[in-house]
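The file final-v2.cif comes next; it holds mmCIF, C-alpha atoms and all ligand atoms.
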data_upload
#
loop_
_atom_site.label_atom_id
_atom_site.label_comp_id
_atom_site.auth_asym_id
_atom_site.auth_seq_id
_atom_site.Cartn_x
_atom_site.Cartn_y
_atom_site.Cartn_z
CA MET T 3 88.92 68.43 31.05
CA VAL T 4 92.17 66.64 31.87
CA HIS T 5 90.66 63.63 30.21
CA THR T 6 89.98 65.61 27.06
CA LEU T 7 93.49 67.02 27.05
CA ARG T 8 94.95 63.57 27.46
CA ALA T 9 92.71 61.71 25.13
CA ARG T 10 92.65 64.14 22.26
CA PRO T 11 95.74 66.23 22.64
CA HIS T 12 95.38 67.77 19.22
CA ALA T 13 91.71 68.44 19.32
CA PRO T 14 90.60 70.43 22.31
CA HIS T 15 87.28 72.06 21.74
CA ALA T 16 85.50 74.94 23.35
CA VAL T 17 82.24 74.18 25.04
CA PRO T 18 79.52 76.69 24.20
CA GLU T 19 79.29 79.09 27.12
CA PRO T 20 75.63 78.66 28.08
CA ARG T 21 75.99 74.90 28.09
CA ALA T 22 79.21 75.00 30.10
CA MET T 23 77.69 77.29 32.72
CA GLY T 24 74.25 75.71 32.59
CA ASP T 25 74.08 74.12 36.01
CA VAL T 26 76.62 76.20 37.88
CA THR T 27 74.60 78.08 40.47
CA TYR T 28 77.38 79.33 42.75
CA PRO T 29 80.75 79.21 40.99
CA LEU T 30 82.78 80.08 44.08
CA THR T 31 82.08 76.74 45.75
CA ASP T 32 81.37 74.65 42.66
CA ARG T 33 84.09 72.03 42.50
CA ASP T 34 83.64 71.11 38.85
CA PHE T 35 83.71 74.72 37.81
CA GLN T 36 86.78 75.60 39.86
CA LEU T 37 88.59 72.41 38.89
CA ALA T 38 88.09 73.14 35.19
CA LEU T 39 89.48 76.62 35.66
CA TRP T 40 92.37 75.34 37.78
CA VAL T 41 93.34 72.83 35.07
CA LEU T 42 93.35 75.57 32.43
CA TYR T 43 95.49 77.80 34.65
CA GLU T 44 97.88 74.98 35.48
CA LEU T 45 98.81 74.82 31.80
CA HIS T 46 100.53 78.20 32.41
CA TYR T 47 102.41 76.96 35.47
CA ARG T 48 103.89 73.46 35.48
CA GLY T 49 101.43 71.73 33.16
CA PHE T 50 100.64 68.04 33.28
CA ASP T 51 103.03 65.21 32.58
CA ASP T 52 100.43 63.34 30.63
CA VAL T 53 99.29 66.24 28.48
CA GLU T 54 101.77 65.81 25.69
CA ASP T 55 100.76 68.62 23.39
CA PRO T 56 103.15 71.46 24.19
CA ASP T 57 100.83 73.89 22.42
CA ALA T 58 97.94 73.22 24.79
CA GLU T 59 98.97 76.24 26.85
CA TRP T 60 98.06 78.67 24.10
CA ASP T 61 95.45 76.64 22.26
CA PRO T 62 92.91 79.21 21.03
CA LEU T 63 89.94 77.07 21.92
CA LEU T 64 91.20 76.49 25.43
CA MET T 65 91.73 80.25 25.69
CA VAL T 66 88.11 80.77 24.73
CA SER T 67 87.01 78.27 27.37
CA ARG T 68 89.18 79.90 29.98
CA ALA T 69 87.83 83.34 29.17
CA ALA T 70 84.28 82.08 29.52
CA LEU T 71 84.97 80.52 32.91
CA GLU T 72 86.84 83.63 34.01
CA ARG T 73 83.93 85.90 33.12
CA THR T 74 81.60 83.89 35.32
CA PHE T 75 84.19 83.64 38.08
CA GLU T 76 85.05 87.33 38.07
CA HIS T 77 81.38 88.25 38.12
CA ALA T 78 80.81 86.02 41.16
CA VAL T 79 83.85 87.48 42.93
CA ARG T 80 82.66 91.03 42.30
CA GLU T 81 79.21 90.09 43.64
CA LEU T 82 80.76 88.63 46.77
CA VAL T 83 82.88 91.75 47.25
CA ARG T 84 79.81 93.94 46.86
CA GLU T 85 78.07 91.96 49.57
CA ALA T 86 81.11 91.98 51.88
CA PRO T 87 79.85 92.86 55.35
CA GLU T 88 81.92 95.97 55.73
CA ASP T 89 81.81 97.87 52.51
CA ALA T 90 85.10 98.84 51.03
CA PRO T 91 86.06 102.24 52.44
CA THR T 92 85.59 105.36 50.34
CA LEU T 93 89.14 106.05 49.31
CA THR T 94 88.92 109.80 49.17
CA ASP T 95 88.05 109.89 52.89
CA LEU T 96 91.28 108.19 53.82
CA GLY T 97 94.02 110.55 52.71
CA ASP T 98 95.16 113.14 50.23
CA THR T 99 97.08 111.07 47.74
CA PRO T 100 96.11 107.74 46.17
CA ALA T 101 99.13 106.17 47.90
CA GLU T 102 97.99 107.37 51.33
CA GLN T 103 94.43 106.33 50.63
CA VAL T 104 95.33 102.83 49.52
CA THR T 105 97.76 102.32 52.42
CA ALA T 106 95.13 103.40 54.94
CA ALA T 107 92.46 101.26 53.32
CA LEU T 108 94.64 98.14 53.29
CA VAL T 109 95.76 98.60 56.90
CA ARG T 110 92.22 99.20 58.03
CA MET T 111 90.55 96.33 56.23
CA THR T 112 93.19 93.77 57.19
CA ALA T 113 93.19 94.93 60.82
CA ARG T 114 89.50 94.34 61.25
CA SER T 115 89.42 91.01 59.51
CA GLY T 116 89.75 89.51 63.01
CA PRO T 117 91.27 86.24 64.09
CA SER T 118 90.79 83.49 61.56
CA GLY T 119 88.43 80.76 62.74
CA VAL T 120 90.53 78.15 60.98
CA ALA T 121 93.71 79.24 62.78
CA GLN T 122 91.90 79.26 66.11
CA PHE T 123 90.60 75.77 65.45
CA LEU T 124 94.04 74.46 64.49
CA HIS T 125 95.62 76.18 67.47
CA ARG T 126 93.32 74.82 70.17
CA ARG T 127 91.11 72.02 68.94
CA ALA T 128 92.24 70.17 65.84
CA THR T 129 93.23 66.53 66.06
CA ARG T 130 96.31 65.35 64.21
CA GLU T 131 94.07 64.03 61.46
CA GLU T 132 92.22 67.34 61.12
CA PHE T 133 95.51 69.21 61.06
CA CYS T 134 96.76 66.96 58.26
CA SER T 135 93.54 67.48 56.34
CA TYR T 136 94.22 71.21 56.58
CA LEU T 137 97.73 70.75 55.18
CA ALA T 138 96.31 68.61 52.37
CA GLU T 139 93.78 71.30 51.50
CA ARG T 140 96.33 74.12 51.58
CA ALA T 141 98.86 72.08 49.59
CA VAL T 142 96.99 73.20 46.48
CA TYR T 143 98.38 76.64 47.11
CA HIS T 144 101.56 76.11 49.11
CA LEU T 145 103.13 73.72 46.60
CA ARG T 146 102.85 76.60 44.11
CA GLU T 147 103.33 79.31 46.70
CA SER T 148 104.00 82.80 45.29
CA ASP T 149 104.09 81.65 41.68
CA PRO T 150 100.96 83.55 40.58
CA GLN T 151 102.40 86.90 41.71
CA SER T 152 105.55 86.35 39.65
CA PHE T 153 103.43 86.82 36.54
CA VAL T 154 102.79 90.39 37.66
CA LEU T 155 106.46 91.44 37.72
CA PRO T 156 106.65 92.39 34.02
CA ARG T 157 103.26 94.09 34.26
CA ILE T 158 104.25 96.82 36.67
CA GLY T 159 107.21 99.20 36.85
CA GLY T 160 109.37 101.38 39.03
CA ALA T 161 109.42 101.11 42.80
CA ALA T 162 106.47 98.70 42.89
CA LYS T 163 108.32 96.26 40.65
CA VAL T 164 111.43 96.50 42.81
CA ALA T 165 109.43 95.84 45.98
CA LEU T 166 107.60 92.89 44.42
CA ALA T 167 110.92 91.42 43.31
CA GLU T 168 112.26 91.86 46.83
CA LEU T 169 109.24 90.10 48.30
CA GLN T 170 109.40 87.26 45.79
CA TYR T 171 113.14 86.83 46.41
CA ASP T 172 112.31 86.09 50.04
CA GLU T 173 109.46 83.75 49.08
CA TYR T 174 111.82 81.95 46.76
CA GLY T 175 114.35 81.26 49.47
CA GLY T 176 116.50 84.41 49.46
CA GLY T 177 119.15 82.73 47.32
CA ARG T 178 118.92 79.38 49.15
CA PRO T 179 117.08 76.58 47.35
CA ASP T 180 116.53 74.78 50.65
CA ARG T 181 114.57 77.80 51.95
CA LEU T 182 112.22 78.05 48.98
CA HIS T 183 108.83 78.26 50.66
CA GLN T 184 107.33 75.67 48.33
CA THR T 185 110.11 73.32 49.39
CA LEU T 186 109.59 74.04 53.08
CA PHE T 187 105.97 73.04 52.65
CA ALA T 188 106.84 69.90 50.69
CA ARG T 189 109.24 68.98 53.48
CA ALA T 190 106.45 69.39 56.02
CA LEU T 191 104.27 67.04 53.96
CA THR T 192 107.07 64.48 53.66
CA SER T 193 107.62 64.55 57.42
CA LEU T 194 104.01 63.38 57.78
CA ASP T 195 104.32 60.72 55.05
CA MET T 196 102.10 62.74 52.78
CA PRO T 197 102.78 62.94 49.01
CA THR T 198 104.43 66.06 47.58
CA ASP T 199 102.87 66.05 44.15
CA LEU T 200 99.93 68.29 43.63
CA ALA T 201 97.56 65.94 41.82
CA PRO T 202 96.04 64.05 44.78
CA TYR T 203 95.44 67.28 46.68
CA VAL T 204 93.74 68.99 43.77
CA ALA T 205 91.60 65.92 43.20
CA ALA T 206 90.29 66.08 46.76
CA ALA T 207 90.19 69.86 47.34
CA GLU T 208 87.03 71.78 48.12
CA GLY T 209 85.67 74.02 45.39
CA ALA T 210 86.21 77.07 47.60
CA THR T 211 89.86 76.14 48.16
CA LEU T 212 90.40 75.91 44.41
CA ALA T 213 88.58 79.23 44.07
CA SER T 214 90.97 80.90 46.51
CA VAL T 215 93.91 79.73 44.39
CA ASN T 216 92.22 80.47 41.06
CA LEU T 217 91.54 83.99 42.27
CA MET T 218 95.28 84.67 42.35
CA SER T 219 95.68 83.35 38.81
CA LEU T 220 92.69 85.34 37.59
CA PHE T 221 94.25 88.54 38.90
CA ALA T 222 97.83 87.71 37.93
CA LEU T 223 97.22 86.39 34.43
CA ASN T 224 95.02 89.27 33.29
CA ARG T 225 97.07 92.43 32.97
CA ARG T 226 94.05 94.66 33.42
CA LEU T 227 93.68 93.17 36.94
CA ARG T 228 97.28 93.78 38.04
CA GLY T 229 96.11 96.27 40.68
CA ALA T 230 93.79 93.63 42.12
CA ALA T 231 96.63 91.08 42.10
CA MET T 232 98.76 93.35 44.25
CA GLY T 233 95.87 94.29 46.56
CA HIS T 234 95.22 90.58 46.99
CA LEU T 235 98.87 89.99 47.85
CA ALA T 236 98.82 92.78 50.44
CA ALA T 237 95.72 91.44 52.16
CA PHE T 238 97.07 87.90 52.02
CA GLU T 239 100.41 88.82 53.61
CA ALA T 240 98.86 91.16 56.16
CA THR T 241 96.56 88.45 57.47
CA SER T 242 99.19 85.72 57.59
CA SER T 243 101.64 86.27 60.45
CA LEU T 244 99.21 86.03 63.36
CA PRO T 245 97.37 82.95 61.99
CA CYS T 246 100.71 81.27 61.23
CA GLU T 247 101.70 81.82 64.86
CA ARG T 248 98.49 80.10 65.98
CA ILE T 249 98.94 77.24 63.56
CA LEU T 250 102.52 76.86 64.76
CA ARG T 251 101.27 76.55 68.33
CA GLY T 252 98.72 73.99 67.19
CA ALA T 253 101.48 71.97 65.54
CA ARG T 254 103.47 72.09 68.78
CA ARG T 255 100.43 71.09 70.83
CA LEU T 256 100.03 68.02 68.62
CA GLY T 257 103.74 67.23 68.66
CA LEU T 258 104.00 67.33 64.87
CA PRO T 259 107.42 66.93 63.21
CA ALA T 260 109.88 69.83 63.19
CA ALA T 261 109.44 70.37 59.45
CA VAL T 262 105.80 71.37 59.99
CA GLU T 263 106.80 73.84 62.68
CA ASP T 264 109.59 75.15 60.48
CA TYR T 265 107.18 76.07 57.71
CA TYR T 266 104.86 78.10 59.95
CA ASP T 267 107.73 79.48 62.01
CA GLU T 268 109.33 80.89 58.87
CA HIS T 269 106.05 82.54 57.90
CA VAL T 270 105.48 84.42 61.15
CA GLU T 271 108.58 86.53 60.62
CA ALA T 272 108.64 86.52 56.85
CA ASP T 273 105.05 87.62 56.45
CA ALA T 274 105.44 90.43 58.98
CA VAL T 275 108.08 91.78 56.58
CA HIS T 276 106.07 90.96 53.48
CA GLU T 277 103.04 92.78 54.81
CA GLN T 278 105.01 96.02 54.96
CA LEU T 279 106.59 95.41 51.58
CA ALA T 280 103.25 94.59 49.98
CA ILE T 281 101.25 97.47 51.44
CA ARG T 282 103.83 100.24 51.45
CA GLY T 283 106.41 99.05 48.97
CA ILE T 284 104.19 97.60 46.28
CA CYS T 285 100.61 98.88 46.50
CA ALA T 286 101.38 102.46 47.55
CA ALA T 287 104.07 102.77 44.89
CA LEU T 288 101.86 101.17 42.26
CA VAL T 289 99.03 103.67 42.71
CA GLU T 290 101.48 106.54 42.88
CA ASP T 291 102.56 105.41 39.43
CA GLU T 292 99.10 104.52 38.20
CA PRO T 293 96.47 106.29 40.34
CA ALA T 294 93.67 104.75 38.29
CA LEU T 295 94.49 101.37 39.85
CA ALA T 296 93.56 102.41 43.39
CA GLU T 297 90.04 100.96 43.26
CA ASP T 298 91.37 97.71 41.85
CA VAL T 299 93.91 97.37 44.64
CA VAL T 300 91.08 97.62 47.16
CA LEU T 301 88.96 95.24 45.11
CA GLY T 302 91.76 92.65 45.15
CA ALA T 303 92.24 92.97 48.90
CA THR T 304 88.51 92.70 49.60
CA ALA T 305 88.24 89.72 47.28
CA CYS T 306 91.14 88.00 49.05
CA LEU T 307 89.53 88.38 52.47
CA ALA T 308 86.09 87.35 51.22
CA VAL T 309 87.10 84.32 49.13
CA ASP T 310 89.67 83.05 51.66
CA GLY T 311 87.04 83.58 54.35
CA LEU T 312 84.61 81.50 52.36
CA ALA T 313 87.20 78.74 51.91
CA GLY T 314 87.87 78.82 55.65
CA GLU T 315 84.18 78.46 56.43
CA VAL T 316 83.88 75.46 54.17
CA LEU T 317 86.77 73.78 56.02
CA LEU T 318 85.29 74.56 59.44
CA ASP T 319 81.90 73.30 58.30
CA GLY T 320 83.53 70.09 57.12
CA TRP T 321 85.42 69.46 60.38
CA ASN T 322 82.30 70.22 62.35
CA ALA T 323 80.11 67.96 60.26
CA ARG T 324 82.58 65.11 60.67
CA ARG T 325 82.68 65.63 64.42
CA HIS T 326 78.90 65.82 64.74
CA PRO T 327 77.56 63.67 61.94
CA ALA T 328 74.06 63.66 63.41
CA HIS T 329 73.61 67.39 63.00
CA ASP T 330 72.99 69.34 59.90
CA ALA T 331 76.34 70.60 58.67
CA GLY T 332 74.85 73.97 57.90
CA HIS T 333 74.97 75.42 61.40
CA ASP T 334 77.04 78.36 62.40
CA VAL T 335 80.69 77.62 63.02
CA GLY T 336 82.15 81.09 63.01
CA HIS T 337 82.66 83.55 60.26
CA ASP T 338 86.02 84.33 58.85
CA ALA T 339 84.67 86.97 56.57
CA GLY T 340 81.10 87.24 57.77
CA HIS T 341 79.87 85.52 54.63
CA ASP T 342 76.30 84.36 54.63
CA ALA T 343 76.84 80.63 54.76
CA GLY T 344 73.23 79.90 53.93
CA ARG T 345 73.63 81.18 50.41
CA ARG T 346 76.29 78.67 49.58
CA THR T 347 75.41 75.70 47.51
CA PRO T 348 77.02 72.40 48.32
CA ALA T 349 80.01 71.60 46.17
CA ALA T 350 78.79 69.77 43.12
CA GLY T 351 79.96 66.19 42.83
CA MET Q 22 128.98 95.02 45.29
CA SER Q 23 131.81 97.30 46.40
CA THR Q 24 129.58 99.82 48.11
CA ARG Q 25 127.24 98.44 50.63
CA ARG Q 26 124.09 100.26 51.61
CA VAL Q 27 122.22 99.77 54.84
CA THR Q 28 118.82 101.42 55.00
CA VAL Q 29 116.13 101.75 57.62
CA THR Q 30 112.53 102.40 56.57
CA GLU Q 31 109.86 103.45 59.02
CA CYS Q 32 106.45 101.81 58.84
CA PRO Q 33 103.95 103.97 60.73
CA GLY Q 34 102.26 101.96 63.47
CA GLY Q 35 104.53 99.02 62.72
CA PRO Q 36 108.16 97.95 62.54
CA LEU Q 37 111.31 99.37 61.02
CA LEU Q 38 112.35 97.66 57.82
CA ILE Q 39 116.09 97.12 57.69
CA ARG Q 40 117.99 96.27 54.56
CA GLY Q 41 121.63 95.32 54.40
CA ALA Q 42 122.36 94.75 58.10
CA ASP Q 43 124.34 91.75 59.38
CA GLU Q 44 123.13 91.56 62.96
CA VAL Q 45 120.94 93.19 65.54
CA VAL Q 46 122.37 93.52 69.03
CA GLY Q 47 119.84 93.46 71.86
CA ILE Q 48 119.95 95.48 75.09
CA ASP Q 49 121.38 92.48 76.94
CA GLY Q 50 124.06 92.01 74.31
CA THR Q 51 122.43 89.06 72.54
CA VAL Q 52 123.21 89.08 68.87
CA ALA Q 53 120.43 88.20 66.46
CA PRO Q 54 121.91 87.38 63.06
CA VAL Q 55 120.06 88.83 60.09
CA GLU Q 56 119.08 85.97 57.82
CA ARG Q 57 116.99 87.60 55.14
CA ALA Q 58 117.50 90.49 52.76
CA VAL Q 59 114.91 92.65 54.54
CA VAL Q 60 114.01 92.25 58.19
CA ALA Q 61 111.35 93.96 60.28
CA LEU Q 62 112.48 95.23 63.66
CA CYS Q 63 109.75 95.48 66.30
CA ARG Q 64 109.09 98.96 67.65
CA CYS Q 65 106.00 98.26 69.73
CA GLY Q 66 107.66 95.88 72.18
CA ARG Q 67 104.80 93.39 71.95
CA SER Q 68 106.44 90.85 69.69
CA ASP Q 69 107.04 87.34 71.00
CA ARG Q 70 110.11 87.18 68.78
CA LEU Q 71 112.06 90.24 69.70
CA PRO Q 72 113.93 91.87 68.14
CA TRP Q 73 111.81 90.89 65.13
CA CYS Q 74 108.28 92.08 64.41
CA ASP Q 75 105.76 89.23 64.49
CA ASP Q 76 102.78 91.39 63.61
CA SER Q 77 101.64 91.60 67.24
CA HIS Q 78 101.41 95.37 66.78
CA ARG Q 79 98.17 94.60 64.90
CA ASP Q 80 96.58 92.60 67.63
CA ARG Q 81 94.48 95.09 69.57
CA ARG Q 82 94.09 92.79 72.54
CA ARG Q 83 97.05 92.00 74.70
CA ARG Q 84 98.35 88.64 73.76
CA LYS Q 85 98.01 85.76 76.14
CA LYS Q 86 100.79 83.26 75.99
CA PRO Q 87 99.57 79.67 75.72
S1 LIG T 401 106.21 96.33 65.58
FE1 LIG T 401 105.29 94.53 64.87
S2 LIG T 401 105.21 93.33 66.62
FE2 LIG T 401 106.11 95.14 67.36
#

Please, can you express the file's structure as structure tokens?
Ligand code: FES
Amino acid sequence: MVHTLRARPHAPHAVPEPRAMGDVTYPLTDRDFQLALWVLYELHYRGFDDVEDPDAEWDPLLMVSRAALERTFEHAVRELVREAPEDAPTLTDLGDTPAEQVTAALVRMTARSGPSGVAQFLHRRATREEFCSYLAERAVYHLRESDPQSFVLPRIGGAAKVALAELQYDEYGGGRPDRLHQTLFARALTSLDMPTDLAPYVAAAEGATLASVNLMSLFALNRRLRGAAMGHLAAFEATSSLPCERILRGARRLGLPAAVEDYYDEHVEADAVHEQLAIRGICAALVEDEPALAEDVVLGATACLAVDGLAGEVLLDGWNARRHPAHDAGHDVGHDAGHDAGRRTPAAG
Amino acid sequence: MSTRRVTVTECPGGPLLIRGADEVVGIDGTVAPVERAVVALCRCGRSDRLPWCDDSHRDRRRRKKP
């Protein structure tokens, strides 16, 4: 896709949907599929230096292609959510008002998500090399940290908008460019002599990692999914502090540079605040304003836990397979989200 | 910015959110400067970063220090 954009900047063309989807069996881990979608989304963020056509972002044929990929992606996400081990709670059992119901649902589902296998691994077991491979994988998100949610600001109103702006202000450094979270992460990479441009990380990322990032763009760039975008944010923030604390301890155990510690250290405190802002400030206020979005908020949160869980499993599988090359990589290595690992197809080459 | 508002918001089962404060003074007199627009003050006493909430209130098990 990048090749097409580069080579024929004035002539992108939509690929007929059945042909494009022909051999994608499990889009959530399919690298080609997720990479294509990521490239199309990136046109709305920072774009590509070597794609010279400034109109590529809104090229109608690329829009058609994106919509086709999104349909398949959204369908797969909804399937995964339906199969999530603990079914989404019935909202009406959880409180009298939509705001109460959504707050209770978010607190409950994020509380029982349990300790992340990836964070436990990084805390206790990872080698320096494995830790760096984790940073490389997560760079796909952290170098663009919080940008997807900014697209939601004009799509919501009132107290929810104010709370989202407050959260984003903190993500974007609270008025200090040197505390921009994206910059903190780039500084951590630099301290380990790793590049700070996104391209090499995207080129090497797992399909499931790209899916976890694409999920945020899917929700944030489609107005009808704004509720899901905010539910996703709430689940993401509410399951971040404790893992960041573990990862921080792992970084200390390995004696990694201070910049790596700084990034995770910042996130323990920040995300404890963000969790409250996202659940109570944003999601509760949003459904008070627009009660019809309650189900979508829960959908977004469930999708976050399920897709991020899947991405975590793929990483753990990879580390395990590299440690025990003789064994089949498919054995059980812990379940972040209880996903049935056997159903996954290997990332297509 | 002539009037300055300081607010405290309760989060059931979790911290207090504080907006607009400059510092938090601990029982022993230690002063923790407030470095972000909103901070979360621990109410459960289980945080490893008192006075700030570190989300330990979520962790049902008691935390073991490494
Ligand atoms: S209130 Fe969150 S750790 Fe104590």

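If you take only C-alpha atoms and a cut-off of 9 Å, the residues of chain Q that reach chain T are Cys32, Gly35, Pro36, Leu38, Glu56, Arg57, Ala58, Val59, Val60, Ala61, Arg70, Trp73, Cys74, Asp75, Asp76, Ser77, Arg79, Asp80, Arg81 and Pro87 of chain Q.
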
| request: Mind checking which residues fall within 9 Å of Q:Gly41, counting all atoms listed in the file, ignoring those fewer than 4 positions away in the same chain, and posting them as number ranges by chain? | output: Q: 25-28, 55, 58-59

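Distances to ligand LIG 401 (chain T) were evaluated for Q:Ile48, Q:Ala53, Q:Asp69, Q:Thr30 using only C-alpha atoms and all ligand atoms, and the minimum falls at Q:Asp69.
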
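For the set T:Ala253, T:Glu290, T:Ile284, T:Arg189, the residue with the smallest atom-to-atom gap to T:His144 is T:Arg189, counting only C-alpha atoms.
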
| task | Rank nothing, just name the residue among Q:Leu37, Q:Val29, Q:Glu44, Q:Cys63 nearest to ligand LIG 401 (chain T), using all atoms listed in the file. | result | Q:Cys63

| Contacts of T:Glu81 at 12 Å or less, counting all atoms listed in the file, minus same-chain residues fewer than 6 places along, as a PyMOL selection string? | chain T and resi 28-30+74-75+301+304-305+308-309+341

Just the selected residues (C-alpha atoms), exported as an mmCIF file, in the frame of the given file, please.
data_model
loop_
_atom_site.group_PDB
_atom_site.id
_atom_site.type_symbol
_atom_site.label_atom_id
_atom_site.label_comp_id
_atom_site.auth_asym_id
_atom_site.auth_seq_id
_atom_site.Cartn_x
_atom_site.Cartn_y
_atom_site.Cartn_z
ATOM 1 C CA TYR T 28 77.380 79.330 42.750
ATOM 2 C CA PRO T 29 80.750 79.210 40.990
ATOM 3 C CA LEU T 30 82.780 80.080 44.080
ATOM 4 C CA THR T 74 81.600 83.890 35.320
ATOM 5 C CA PHE T 75 84.190 83.640 38.080
ATOM 6 C CA LEU T 301 88.960 95.240 45.110
ATOM 7 C CA THR T 304 88.510 92.700 49.600
ATOM 8 C CA ALA T 305 88.240 89.720 47.280
ATOM 9 C CA ALA T 308 86.090 87.350 51.220
ATOM 10 C CA VAL T 309 87.100 84.320 49.130
ATOM 11 C CA HIS T 341 79.870 85.520 54.630
#

Using all atoms of ligand LIG 401 (chain T) listed in the file and a margin of 4 Å per side, can you give the axis-aligned box centre and edge lengths in Å to one decimal, as lines of an AutoDock Vina configuration file?
center_x = 105.7
center_y = 94.8
center_z = 66.1
size_x = 9.0
size_y = 11.0
size_z = 10.5

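Between atom CA of T:Arg48 and atom CA of T:Asp310 there is a distance of 23.6 Å.
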
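Nearest residue to Q:Pro54, choosing from Q:Pro72, Q:Gly66, Q:Thr24, Q:Pro33 and counting only C-alpha atoms: Q:Pro72.
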
| query | Q:Val45, Q:Leu71, Q:Val52, Q:Cys65: which is nearest ligand LIG 401 (chain T), counting only C-alpha atoms and all ligand atoms? | reply | Q:Cys65

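Note that the spacing between atom CA of T:Gln103 and atom CA of T:Val215 amounts to 27.3 Å.
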
I'd like the neighbourhood of T:Glu102 as a short mmCIF file (atom, residue, chain, number, x, y, z; two decimals) with C-alpha atoms, keeping the file's coordinate frame, where a residue qualifies if any of its atoms comes within 12 Å (using only C-alpha atoms), though same-chain residues fewer than 6 positions away should be ignored.
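Listed below is the output, selection.cif:
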data_model
loop_
_atom_site.label_atom_id
_atom_site.label_comp_id
_atom_site.auth_asym_id
_atom_site.auth_seq_id
_atom_site.Cartn_x
_atom_site.Cartn_y
_atom_site.Cartn_z
CA LEU T 93 89.14 106.05 49.31
CA THR T 94 88.92 109.80 49.17
CA ASP T 95 88.05 109.89 52.89
CA LEU T 96 91.28 108.19 53.82
CA LEU T 108 94.64 98.14 53.29
CA VAL T 109 95.76 98.60 56.90
CA ILE T 281 101.25 97.47 51.44
CA ARG T 282 103.83 100.24 51.45
CA CYS T 285 100.61 98.88 46.50
CA ALA T 286 101.38 102.46 47.55
CA ALA T 287 104.07 102.77 44.89
CA LEU T 288 101.86 101.17 42.26
CA VAL T 289 99.03 103.67 42.71
CA GLU T 290 101.48 106.54 42.88
CA PRO T 293 96.47 106.29 40.34
CA ALA T 296 93.56 102.41 43.39
CA PRO Q 33 103.95 103.97 60.73
#

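Atom CA of T:Tyr266 to atom CA of T:Ile249 spans 7.0 Å [interatomic distance, one decimal].
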